[in-house]
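K.L.:
Structure supplied as run.pdb; contents: PDB, C-alpha atoms, pLDDT in the B column.
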```
MODEL        1
ATOM      1  CA  GLU M   1      -1.821 -10.012   1.294  1.00 77.00           C
ATOM      2  CA  PRO M   2      -5.470 -11.157   1.254  1.00 79.00           C
ATOM      3  CA  GLU M   3      -8.038  -8.407   1.668  1.00 91.00           C
ATOM      4  CA  VAL M   4     -11.643  -8.017   2.646  1.00 95.00           C
ATOM      5  CA  THR M   5     -13.333  -6.070  -0.132  1.00 96.00           C
ATOM      6  CA  GLN M   6     -16.346  -3.850   0.424  1.00 97.00           C
ATOM      7  CA  THR M   7     -18.544  -2.209  -2.175  1.00 96.00           C
ATOM      8  CA  PRO M   8     -19.582   0.474  -2.692  1.00 95.00           C
ATOM      9  CA  SER M   9     -17.151   2.715  -0.857  1.00 95.00           C
ATOM     10  CA  HIS M  10     -19.809   5.394  -0.526  1.00 97.00           C
ATOM     11  CA  GLN M  11     -23.572   5.149  -0.925  1.00 97.00           C
ATOM     12  CA  VAL M  12     -26.174   7.861  -0.676  1.00 98.00           C
ATOM     13  CA  THR M  13     -29.777   6.768  -0.264  1.00 97.00           C
ATOM     14  CA  GLN M  14     -33.085   8.364   0.505  1.00 97.00           C
ATOM     15  CA  MET M  15     -34.772   7.769   3.828  1.00 97.00           C
ATOM     16  CA  GLY M  16     -37.076   4.775   3.657  1.00 97.00           C
ATOM     17  CA  GLN M  17     -35.175   3.073   0.851  1.00 98.00           C
ATOM     18  CA  GLU M  18     -33.610  -0.347   1.107  1.00 97.00           C
ATOM     19  CA  VAL M  19     -29.862  -0.597   0.808  1.00 98.00           C
ATOM     20  CA  ILE M  20     -27.529  -3.569   0.443  1.00 97.00           C
ATOM     21  CA  LEU M  21     -23.905  -3.334   1.468  1.00 97.00           C
ATOM     22  CA  ARG M  22     -21.620  -5.921  -0.012  1.00 97.00           C
ATOM     23  CA  CYS M  23     -18.501  -7.603   1.262  1.00 97.00           C
ATOM     24  CA  VAL M  24     -16.198 -10.261  -0.093  1.00 97.00           C
ATOM     25  CA  PRO M  25     -14.398 -11.875   2.865  1.00 95.00           C
ATOM     26  CA  ILE M  26     -11.057 -13.607   2.627  1.00 93.00           C
ATOM     27  CA  SER M  27     -11.651 -16.925   0.924  1.00 90.00           C
ATOM     28  CA  ASN M  28     -10.614 -19.389   3.640  1.00 88.00           C
ATOM     29  CA  HIS M  29     -12.211 -17.440   6.482  1.00 91.00           C
ATOM     30  CA  LEU M  30     -15.166 -18.926   8.329  1.00 90.00           C
ATOM     31  CA  TYR M  31     -16.321 -16.096  10.595  1.00 92.00           C
ATOM     32  CA  PHE M  32     -17.895 -12.923   9.271  1.00 95.00           C
ATOM     33  CA  TYR M  33     -18.870  -9.692  10.956  1.00 96.00           C
ATOM     34  CA  TRP M  34     -20.464  -6.337  10.405  1.00 97.00           C
ATOM     35  CA  TYR M  35     -19.601  -3.280  12.469  1.00 97.00           C
ATOM     36  CA  ARG M  36     -20.901   0.257  12.383  1.00 98.00           C
ATOM     37  CA  GLN M  37     -19.220   3.555  13.158  1.00 97.00           C
ATOM     38  CA  ILE M  38     -21.324   6.686  13.400  1.00 96.00           C
ATOM     39  CA  LEU M  39     -19.219   9.708  12.483  1.00 93.00           C
ATOM     40  CA  GLY M  40     -16.886  10.664  15.307  1.00 90.00           C
ATOM     41  CA  GLN M  41     -17.877   7.735  17.493  1.00 93.00           C
ATOM     42  CA  LYS M  42     -16.509   4.318  18.316  1.00 93.00           C
ATOM     43  CA  VAL M  43     -16.801   1.209  16.218  1.00 96.00           C
ATOM     44  CA  GLU M  44     -19.783  -0.899  17.308  1.00 96.00           C
ATOM     45  CA  PHE M  45     -20.455  -4.575  16.721  1.00 95.00           C
ATOM     46  CA  LEU M  46     -23.604  -5.365  14.757  1.00 97.00           C
ATOM     47  CA  VAL M  47     -23.602  -9.071  13.945  1.00 96.00           C
ATOM     48  CA  SER M  48     -21.460 -12.158  13.583  1.00 94.00           C
ATOM     49  CA  PHE M  49     -22.105 -14.965  11.128  1.00 93.00           C
ATOM     50  CA  TYR M  50     -20.761 -18.499  11.153  1.00 91.00           C
ATOM     51  CA  ASN M  51     -21.786 -21.718   9.472  1.00 88.00           C
ATOM     52  CA  ASN M  52     -24.437 -19.922   7.428  1.00 89.00           C
ATOM     53  CA  GLU M  53     -26.275 -18.449  10.334  1.00 91.00           C
ATOM     54  CA  ILE M  54     -26.162 -15.529  12.711  1.00 93.00           C
ATOM     55  CA  SER M  55     -24.159 -16.497  15.764  1.00 91.00           C
ATOM     56  CA  GLU M  56     -24.512 -13.261  17.693  1.00 91.00           C
ATOM     57  CA  LYS M  57     -26.162  -9.901  17.195  1.00 93.00           C
ATOM     58  CA  SER M  58     -26.173  -6.663  19.119  1.00 93.00           C
ATOM     59  CA  GLU M  59     -29.105  -4.554  20.246  1.00 93.00           C
ATOM     60  CA  ILE M  60     -28.495  -2.308  17.255  1.00 94.00           C
ATOM     61  CA  PHE M  61     -29.197  -5.175  14.873  1.00 96.00           C
ATOM     62  CA  ASP M  62     -32.984  -4.965  14.909  1.00 93.00           C
ATOM     63  CA  ASP M  63     -35.575  -6.223  12.432  1.00 94.00           C
ATOM     64  CA  GLN M  64     -34.636  -3.725   9.769  1.00 96.00           C
ATOM     65  CA  PHE M  65     -31.230  -5.385   9.383  1.00 97.00           C
ATOM     66  CA  SER M  66     -30.461  -8.724   7.809  1.00 97.00           C
ATOM     67  CA  VAL M  67     -27.354 -10.524   6.636  1.00 97.00           C
ATOM     68  CA  GLU M  68     -26.852 -13.131   3.996  1.00 94.00           C
ATOM     69  CA  ARG M  69     -24.132 -15.156   2.366  1.00 91.00           C
ATOM     70  CA  PRO M  70     -25.898 -15.809  -0.907  1.00 84.00           C
ATOM     71  CA  ASP M  71     -23.251 -17.518  -2.970  1.00 85.00           C
ATOM     72  CA  GLY M  72     -20.392 -18.691  -0.765  1.00 78.00           C
ATOM     73  CA  SER M  73     -18.240 -15.683  -1.476  1.00 86.00           C
ATOM     74  CA  ASN M  74     -20.275 -12.542  -0.831  1.00 93.00           C
ATOM     75  CA  PHE M  75     -21.514 -11.456   2.572  1.00 96.00           C
ATOM     76  CA  THR M  76     -24.212  -8.799   2.522  1.00 97.00           C
ATOM     77  CA  LEU M  77     -25.863  -6.472   4.989  1.00 98.00           C
ATOM     78  CA  LYS M  78     -29.344  -5.286   4.078  1.00 97.00           C
ATOM     79  CA  ILE M  79     -31.072  -2.374   5.709  1.00 97.00           C
ATOM     80  CA  ARG M  80     -34.749  -2.549   4.773  1.00 95.00           C
ATOM     81  CA  SER M  81     -36.023   0.949   5.399  1.00 94.00           C
ATOM     82  CA  THR M  82     -33.197   3.336   6.051  1.00 97.00           C
ATOM     83  CA  LYS M  83     -33.430   6.084   8.618  1.00 96.00           C
ATOM     84  CA  LEU M  84     -31.342   9.205   8.979  1.00 97.00           C
ATOM     85  CA  GLU M  85     -29.618   7.685  12.007  1.00 96.00           C
ATOM     86  CA  ASP M  86     -28.367   4.785   9.895  1.00 97.00           C
ATOM     87  CA  SER M  87     -25.867   7.163   8.331  1.00 98.00           C
ATOM     88  CA  ALA M  88     -22.509   5.716   9.320  1.00 98.00           C
ATOM     89  CA  MET M  89     -19.458   3.860   8.134  1.00 97.00           C
ATOM     90  CA  TYR M  90     -20.142   0.146   7.918  1.00 98.00           C
ATOM     91  CA  PHE M  91     -17.207  -2.218   8.204  1.00 98.00           C
ATOM     92  CA  CYS M  92     -17.175  -5.847   7.213  1.00 97.00           C
ATOM     93  CA  ALA M  93     -14.615  -8.158   8.811  1.00 95.00           C
ATOM     94  CA  SER M  94     -13.701 -11.787   8.463  1.00 94.00           C
ATOM     95  CA  SER M  95     -11.606 -14.153  10.490  1.00 91.00           C
ATOM     96  CA  GLU M  96     -10.181 -17.596  10.000  1.00 88.00           C
ATOM     97  CA  THR M  97     -10.847 -18.793  13.550  1.00 83.00           C
ATOM     98  CA  GLY M  98     -12.547 -15.881  15.262  1.00 79.00           C
ATOM     99  CA  VAL M  99      -9.147 -14.642  16.375  1.00 74.00           C
ATOM    100  CA  ASN M 100      -6.487 -15.365  13.783  1.00 74.00           C
ATOM    101  CA  GLY M 101      -6.497 -13.309  10.665  1.00 73.00           C
ATOM    102  CA  TYR M 102      -9.135 -10.863  11.862  1.00 84.00           C
ATOM    103  CA  THR M 103      -9.275  -8.471   8.924  1.00 91.00           C
ATOM    104  CA  PHE M 104     -11.445  -5.443   8.276  1.00 94.00           C
ATOM    105  CA  GLY M 105     -12.563  -4.124   4.931  1.00 96.00           C
ATOM    106  CA  SER M 106     -12.073  -0.474   4.085  1.00 95.00           C
ATOM    107  CA  GLY M 107     -15.693   0.321   4.865  1.00 97.00           C
ATOM    108  CA  THR M 108     -18.812   1.637   3.138  1.00 97.00           C
ATOM    109  CA  ARG M 109     -19.849   5.142   4.066  1.00 97.00           C
ATOM    110  CA  LEU M 110     -23.653   5.208   4.028  1.00 98.00           C
ATOM    111  CA  THR M 111     -25.375   8.573   3.908  1.00 98.00           C
ATOM    112  CA  VAL M 112     -29.140   8.656   4.349  1.00 98.00           C
ATOM    113  CA  VAL M 113     -30.781  11.874   3.186  1.00 97.00           C
TER     114      VAL M 113
ATOM    115  CA  ALA U 114     -19.398  -7.226  31.437  1.00 80.00           C
ATOM    116  CA  GLN U 115     -16.759  -6.447  28.891  1.00 89.00           C
ATOM    117  CA  LYS U 116     -15.594  -2.929  28.371  1.00 94.00           C
ATOM    118  CA  VAL U 117     -12.712  -0.948  26.932  1.00 97.00           C
ATOM    119  CA  THR U 118     -11.939   2.538  28.167  1.00 98.00           C
ATOM    120  CA  GLN U 119      -9.728   5.018  26.396  1.00 98.00           C
ATOM    121  CA  ALA U 120      -9.871   7.966  28.733  1.00 95.00           C
ATOM    122  CA  GLN U 121      -7.920  10.313  26.472  1.00 97.00           C
ATOM    123  CA  THR U 122     -10.290  11.746  23.890  1.00 97.00           C
ATOM    124  CA  GLU U 123      -7.733  13.924  22.139  1.00 97.00           C
ATOM    125  CA  ILE U 124      -3.999  14.341  22.404  1.00 98.00           C
ATOM    126  CA  SER U 125      -1.943  16.959  20.656  1.00 98.00           C
ATOM    127  CA  VAL U 126       1.842  16.777  20.474  1.00 98.00           C
ATOM    128  CA  VAL U 127       4.601  18.377  18.499  1.00 97.00           C
ATOM    129  CA  GLU U 128       6.548  16.237  16.068  1.00 97.00           C
ATOM    130  CA  LYS U 129       9.329  14.167  17.623  1.00 97.00           C
ATOM    131  CA  GLU U 130       7.659  14.050  20.999  1.00 97.00           C
ATOM    132  CA  ASP U 131       6.854  10.669  22.511  1.00 98.00           C
ATOM    133  CA  VAL U 132       3.205  10.002  23.229  1.00 98.00           C
ATOM    134  CA  THR U 133       1.393   7.248  25.143  1.00 98.00           C
ATOM    135  CA  LEU U 134      -2.182   6.263  24.478  1.00 98.00           C
ATOM    136  CA  ASP U 135      -3.915   4.592  27.390  1.00 98.00           C
ATOM    137  CA  CYS U 136      -6.257   1.614  27.243  1.00 98.00           C
ATOM    138  CA  VAL U 137      -7.967  -0.044  30.194  1.00 98.00           C
ATOM    139  CA  TYR U 138     -10.151  -3.094  29.722  1.00 97.00           C
ATOM    140  CA  GLU U 139     -12.624  -5.134  31.733  1.00 95.00           C
ATOM    141  CA  THR U 140     -13.435  -8.782  31.273  1.00 92.00           C
ATOM    142  CA  ARG U 141     -14.167 -11.763  33.480  1.00 90.00           C
ATOM    143  CA  ASP U 142     -12.687 -14.176  30.996  1.00 88.00           C
ATOM    144  CA  THR U 143      -9.217 -15.576  31.569  1.00 88.00           C
ATOM    145  CA  THR U 144      -8.525 -15.928  27.869  1.00 88.00           C
ATOM    146  CA  TYR U 145      -8.830 -12.850  25.737  1.00 91.00           C
ATOM    147  CA  TYR U 146      -7.101 -10.830  23.062  1.00 92.00           C
ATOM    148  CA  LEU U 147      -6.335  -7.149  22.882  1.00 94.00           C
ATOM    149  CA  PHE U 148      -5.945  -5.174  19.693  1.00 94.00           C
ATOM    150  CA  TRP U 149      -4.880  -1.736  18.582  1.00 96.00           C
ATOM    151  CA  TYR U 150      -6.135  -0.223  15.342  1.00 95.00           C
ATOM    152  CA  LYS U 151      -5.257   3.031  13.629  1.00 96.00           C
ATOM    153  CA  GLN U 152      -7.923   4.944  11.722  1.00 96.00           C
ATOM    154  CA  PRO U 153      -6.408   7.598   9.466  1.00 94.00           C
ATOM    155  CA  PRO U 154      -8.543  10.389   7.975  1.00 92.00           C
ATOM    156  CA  SER U 155      -9.317   8.137   5.000  1.00 91.00           C
ATOM    157  CA  GLY U 156     -11.419   6.027   7.376  1.00 92.00           C
ATOM    158  CA  GLU U 157     -10.131   2.480   7.118  1.00 92.00           C
ATOM    159  CA  LEU U 158      -9.109   0.476  10.175  1.00 94.00           C
ATOM    160  CA  VAL U 159      -5.447  -0.431  10.094  1.00 92.00           C
ATOM    161  CA  PHE U 160      -4.415  -3.335  12.299  1.00 91.00           C
ATOM    162  CA  LEU U 161      -1.417  -2.564  14.509  1.00 94.00           C
ATOM    163  CA  ILE U 162      -1.099  -5.369  17.037  1.00 91.00           C
ATOM    164  CA  ARG U 163      -2.851  -8.297  18.694  1.00 90.00           C
ATOM    165  CA  ARG U 164      -1.892  -9.637  22.104  1.00 91.00           C
ATOM    166  CA  ASN U 165      -3.293 -12.637  23.978  1.00 89.00           C
ATOM    167  CA  SER U 166      -3.889 -12.677  27.708  1.00 91.00           C
ATOM    168  CA  PHE U 167      -1.144 -15.206  28.356  1.00 90.00           C
ATOM    169  CA  ASP U 168       1.592 -13.154  26.794  1.00 86.00           C
ATOM    170  CA  GLU U 169       2.555 -10.172  28.911  1.00 83.00           C
ATOM    171  CA  GLN U 170       5.770  -9.514  27.087  1.00 83.00           C
ATOM    172  CA  ASN U 171       6.015  -5.974  25.898  1.00 85.00           C
ATOM    173  CA  GLU U 172       6.431  -5.550  22.190  1.00 86.00           C
ATOM    174  CA  ILE U 173       8.307  -3.057  20.096  1.00 87.00           C
ATOM    175  CA  SER U 174       7.856  -2.504  16.397  1.00 88.00           C
ATOM    176  CA  GLY U 175       9.902   0.360  15.071  1.00 93.00           C
ATOM    177  CA  ARG U 176       8.661   3.537  16.750  1.00 95.00           C
ATOM    178  CA  TYR U 177       5.679   1.706  18.251  1.00 95.00           C
ATOM    179  CA  SER U 178       5.688  -0.134  21.554  1.00 94.00           C
ATOM    180  CA  TRP U 179       3.010  -1.718  23.674  1.00 94.00           C
ATOM    181  CA  ASN U 180       2.926  -2.253  27.433  1.00 95.00           C
ATOM    182  CA  PHE U 181       0.527  -4.977  28.553  1.00 95.00           C
ATOM    183  CA  GLN U 182      -0.084  -5.231  32.308  1.00 94.00           C
ATOM    184  CA  LYS U 183      -2.694  -7.705  33.489  1.00 93.00           C
ATOM    185  CA  SER U 184      -2.388  -6.494  37.067  1.00 93.00           C
ATOM    186  CA  THR U 185      -3.846  -3.139  36.069  1.00 95.00           C
ATOM    187  CA  SER U 186      -5.868  -4.403  33.064  1.00 96.00           C
ATOM    188  CA  SER U 187      -4.063  -2.013  30.806  1.00 97.00           C
ATOM    189  CA  PHE U 188      -2.637  -2.232  27.311  1.00 96.00           C
ATOM    190  CA  ASN U 189      -0.972   1.075  26.579  1.00 97.00           C
ATOM    191  CA  PHE U 190       0.520   2.150  23.284  1.00 97.00           C
ATOM    192  CA  THR U 191       3.524   4.421  22.943  1.00 97.00           C
ATOM    193  CA  ILE U 192       4.727   6.164  19.810  1.00 97.00           C
ATOM    194  CA  THR U 193       8.316   7.308  20.048  1.00 97.00           C
ATOM    195  CA  ALA U 194       9.479  10.347  18.090  1.00 97.00           C
ATOM    196  CA  SER U 195       6.007  11.032  16.706  1.00 97.00           C
ATOM    197  CA  GLN U 196       5.547  12.140  13.121  1.00 97.00           C
ATOM    198  CA  VAL U 197       2.801  14.073  11.366  1.00 97.00           C
ATOM    199  CA  VAL U 198       1.765  10.863   9.590  1.00 96.00           C
ATOM    200  CA  ASP U 199       0.896   9.373  12.978  1.00 97.00           C
ATOM    201  CA  SER U 200      -2.055  11.751  13.199  1.00 97.00           C
ATOM    202  CA  ALA U 201      -5.129   9.538  13.344  1.00 97.00           C
ATOM    203  CA  VAL U 202      -7.720   8.058  15.649  1.00 97.00           C
ATOM    204  CA  TYR U 203      -6.420   5.070  17.574  1.00 98.00           C
ATOM    205  CA  PHE U 204      -8.721   2.373  18.886  1.00 97.00           C
ATOM    206  CA  CYS U 205      -8.069  -0.273  21.479  1.00 97.00           C
ATOM    207  CA  ALA U 206     -10.290  -3.363  21.275  1.00 96.00           C
ATOM    208  CA  LEU U 207     -10.998  -6.501  23.309  1.00 94.00           C
ATOM    209  CA  ARG U 208     -11.891  -9.969  22.099  1.00 91.00           C
ATOM    210  CA  SER U 209     -12.929 -12.334  24.862  1.00 80.00           C
ATOM    211  CA  LEU U 210     -13.136 -16.084  24.472  1.00 74.00           C
ATOM    212  CA  GLY U 211     -15.816 -16.769  27.029  1.00 66.00           C
ATOM    213  CA  SER U 212     -18.643 -19.151  26.202  1.00 59.00           C
ATOM    214  CA  GLY U 213     -21.074 -17.785  23.675  1.00 61.00           C
ATOM    215  CA  ASN U 214     -18.672 -15.195  22.403  1.00 63.00           C
ATOM    216  CA  THR U 215     -18.406 -15.535  18.687  1.00 75.00           C
ATOM    217  CA  GLY U 216     -15.483 -13.333  17.969  1.00 83.00           C
ATOM    218  CA  LYS U 217     -16.851  -9.840  18.220  1.00 89.00           C
ATOM    219  CA  LEU U 218     -14.486  -7.054  19.104  1.00 92.00           C
ATOM    220  CA  ILE U 219     -15.414  -4.504  21.723  1.00 94.00           C
ATOM    221  CA  PHE U 220     -13.866  -1.151  20.938  1.00 96.00           C
ATOM    222  CA  GLY U 221     -12.921   1.751  23.115  1.00 97.00           C
ATOM    223  CA  GLN U 222     -14.060   5.256  22.260  1.00 97.00           C
ATOM    224  CA  GLY U 223     -10.839   6.021  20.481  1.00 97.00           C
ATOM    225  CA  THR U 224      -8.128   8.608  21.020  1.00 98.00           C
ATOM    226  CA  THR U 225      -7.571  11.274  18.406  1.00 97.00           C
ATOM    227  CA  LEU U 226      -3.879  11.996  18.075  1.00 98.00           C
ATOM    228  CA  GLN U 227      -2.771  15.177  16.386  1.00 98.00           C
ATOM    229  CA  VAL U 228       0.916  15.556  15.666  1.00 98.00           C
ATOM    230  CA  LYS U 229       1.851  19.089  14.738  1.00 97.00           C
ATOM    231  CA  PRO U 230       4.927  19.871  12.668  1.00 95.00           C
TER     232      PRO U 230
ENDMDL
END
```
Please rewrite the model in this file as C-alpha cells.
P.N.:
Amino acid sequence: EPEVTQTPSHQVTQMGQEVILRCVPISNHLYFYWYRQILGQKVEFLVSFYNNEISEKSEIFDDQFSVERPDGSNFTLKIRSTKLEDSAMYFCASSETGVNGYTFGSGTRLTVV
Amino acid sequence: AQKVTQAQTEISVVEKEDVTLDCVYETRDTTYYLFWYKQPPSGELVFLIRRNSFDEQNEISGRYSWNFQKSTSSFNFTITASQVVDSAVYFCALRSLGSGNTGKLIFGQGTTLQVKP
C-alpha cells in the first residue's frame, strides 16, 4: 500500500537554528498538508498546498514557516529560527482529491533545545 | 465555525469490556466527512474509518463499530471486547467541503484509552 514517507523520524536542533522537515507524498496525490502535534495535545492543521502554492494556512503558520515542493516529489516544511515551543511531532499528509486517500506519514519528532 | 469535541479525556477499562468513545462535531456545511484515527504509543496516526455526511449507516469492522447520527451531530466509536493492544489515543476529525476549504482536517482533543489486563 502506498505510503507517505517522512524524514528524519526524530530531529534535535538548537534554538534559533533553521530546520527542514522532509516528506515524500504518494505519487499521484495532488493535495499536501502539514500538521503539528505538541506532546499530549491534539493534532493541529498548519498548511495545505495545492497546484504549487499554499491554499490555506492556519494562525500557527507564521512568517517563520515556509513550505516548498522543490522537485515534484518532495514536500518540505522549513522553520527558519526555531523556538522551544516549536518542539512537537510534525505530520505530513497527502490526498488524491482532498478527501480520498487522505494519508498521514509517520511523523517527525522535532525537539528544540 | 467548525469544531470537534471529544469530551472524554481518558478512559480506563479492563480487558474484554466494551467501550464507547464519544465524538460531537459542529459544522454549517451540508457535505462533510468524519474520520477516526488511532495513535498508538509509537506516535503515528492510524486511519480507522471515514464517513461522509450522506451516509448514516452504521459500520462494523471486526470488534470496531461506529454510530453516526446527524440529528445529534455525533460519530461515536465502540470497541467490543477490548484488548490491551487497543490502548492508544483516539482522535475524531472533521473535513468540511464548504467553499474555501482545502481539505484540512479539524481534530478533536483525543481520548486516551487504557485497557488493563
K.L.:
Using the chain letters and numbering of this document, enumerate as a ChimeraX atom specification the residues selected by the PyMOL selection byres ((chain U and resi 172-188) around 12).
P.N.:
/U:115-120,129-141,143-149,151,161-171,189-196,199,204-207,221
K.L.:
Using only C-alpha atoms, I'd like every residue of chain M that has an atom within 9 Å of chain U; please write them out as a ChimeraX atom specification.
P.N.:
/M:31,33,41-50,55-56,89,91,95,97-99,102-107
K.L.:
I need the residue nearest Lys57 in chain M from this list: M:Ser87, M:Lys78, M:Trp34, M:Glu1. Use all atoms listed in the file for the distance.
P.N.:
M:Trp34
K.L.:
With 8 Å added on each side, what axis-aligned box encloses every listed atom of range 119-130 of chain U? Give the centre and edge lengths in Å to one decimal, as AutoDock Vina command-line options.
P.N.:
```
--center_x -0.5 --center_y 11.7 --center_z 22.4 --size_x 35.6 --size_y 29.4 --size_z 28.7
```
K.L.:
Separation of CA of Asp142 in chain U and CA of Phe32 in chain M, in Å?
P.N.:
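It comes out at 22.4 Å.
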K.L.:
What is the CA of Met15 in chain M-CA of Leu84 in chain M distance in Å, reported with one decimal?
P.N.:
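Going from CA of Met15 in chain M over to CA of Leu84 in chain M, I get 6.4 Å.
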K.L.:
One decimal, Å: what's the distance from CA of Glu18 in chain M over to CA of Thr111 in chain M, could you say?
P.N.:
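Pair CA of Glu18 in chain M / CA of Thr111 in chain M returns 12.5 Å.
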K.L.:
Please provide as a ChimeraX atom specification all residues within 8 Å of range 61-67 of chain M, with the sequence filter that same-chain residues fewer than 6 positions apart are discarded (counting all atoms listed in the file).
P.N.:
/M:46-47,54,75-81
K.L.:
List as a PyMOL selection string: which residues have an atom within 9 Å of (-20.2, -6.2, 1.2), counting only C-alpha atoms?
P.N.:
chain M and resi 4-8+20-25+74-77+91-92+105+107-108
K.L.:
As a check of understanding, name the residues that the PyMOL selection byres ((chain M and resi 112) around 10) selects in the supplied structure, as a PyMOL selection string.
P.N.:
chain M and resi 11-17+19+82-88+109-111+113
K.L.:
Save out the residues we just selected, C-alpha atoms, as a PDB file, keeping the file's coordinate frame.
P.N.:
```pdb
ATOM      1  CA  GLN M  11     -23.572   5.149  -0.925  1.00 97.00           C
ATOM      2  CA  VAL M  12     -26.174   7.861  -0.676  1.00 98.00           C
ATOM      3  CA  THR M  13     -29.777   6.768  -0.264  1.00 97.00           C
ATOM      4  CA  GLN M  14     -33.085   8.364   0.505  1.00 97.00           C
ATOM      5  CA  MET M  15     -34.772   7.769   3.828  1.00 97.00           C
ATOM      6  CA  GLY M  16     -37.076   4.775   3.657  1.00 97.00           C
ATOM      7  CA  GLN M  17     -35.175   3.073   0.851  1.00 98.00           C
ATOM      8  CA  VAL M  19     -29.862  -0.597   0.808  1.00 98.00           C
ATOM      9  CA  THR M  82     -33.197   3.336   6.051  1.00 97.00           C
ATOM     10  CA  LYS M  83     -33.430   6.084   8.618  1.00 96.00           C
ATOM     11  CA  LEU M  84     -31.342   9.205   8.979  1.00 97.00           C
ATOM     12  CA  GLU M  85     -29.618   7.685  12.007  1.00 96.00           C
ATOM     13  CA  ASP M  86     -28.367   4.785   9.895  1.00 97.00           C
ATOM     14  CA  SER M  87     -25.867   7.163   8.331  1.00 98.00           C
ATOM     15  CA  ALA M  88     -22.509   5.716   9.320  1.00 98.00           C
ATOM     16  CA  ARG M 109     -19.849   5.142   4.066  1.00 97.00           C
ATOM     17  CA  LEU M 110     -23.653   5.208   4.028  1.00 98.00           C
ATOM     18  CA  THR M 111     -25.375   8.573   3.908  1.00 98.00           C
ATOM     19  CA  VAL M 113     -30.781  11.874   3.186  1.00 97.00           C
TER      20      VAL M 113
END
```
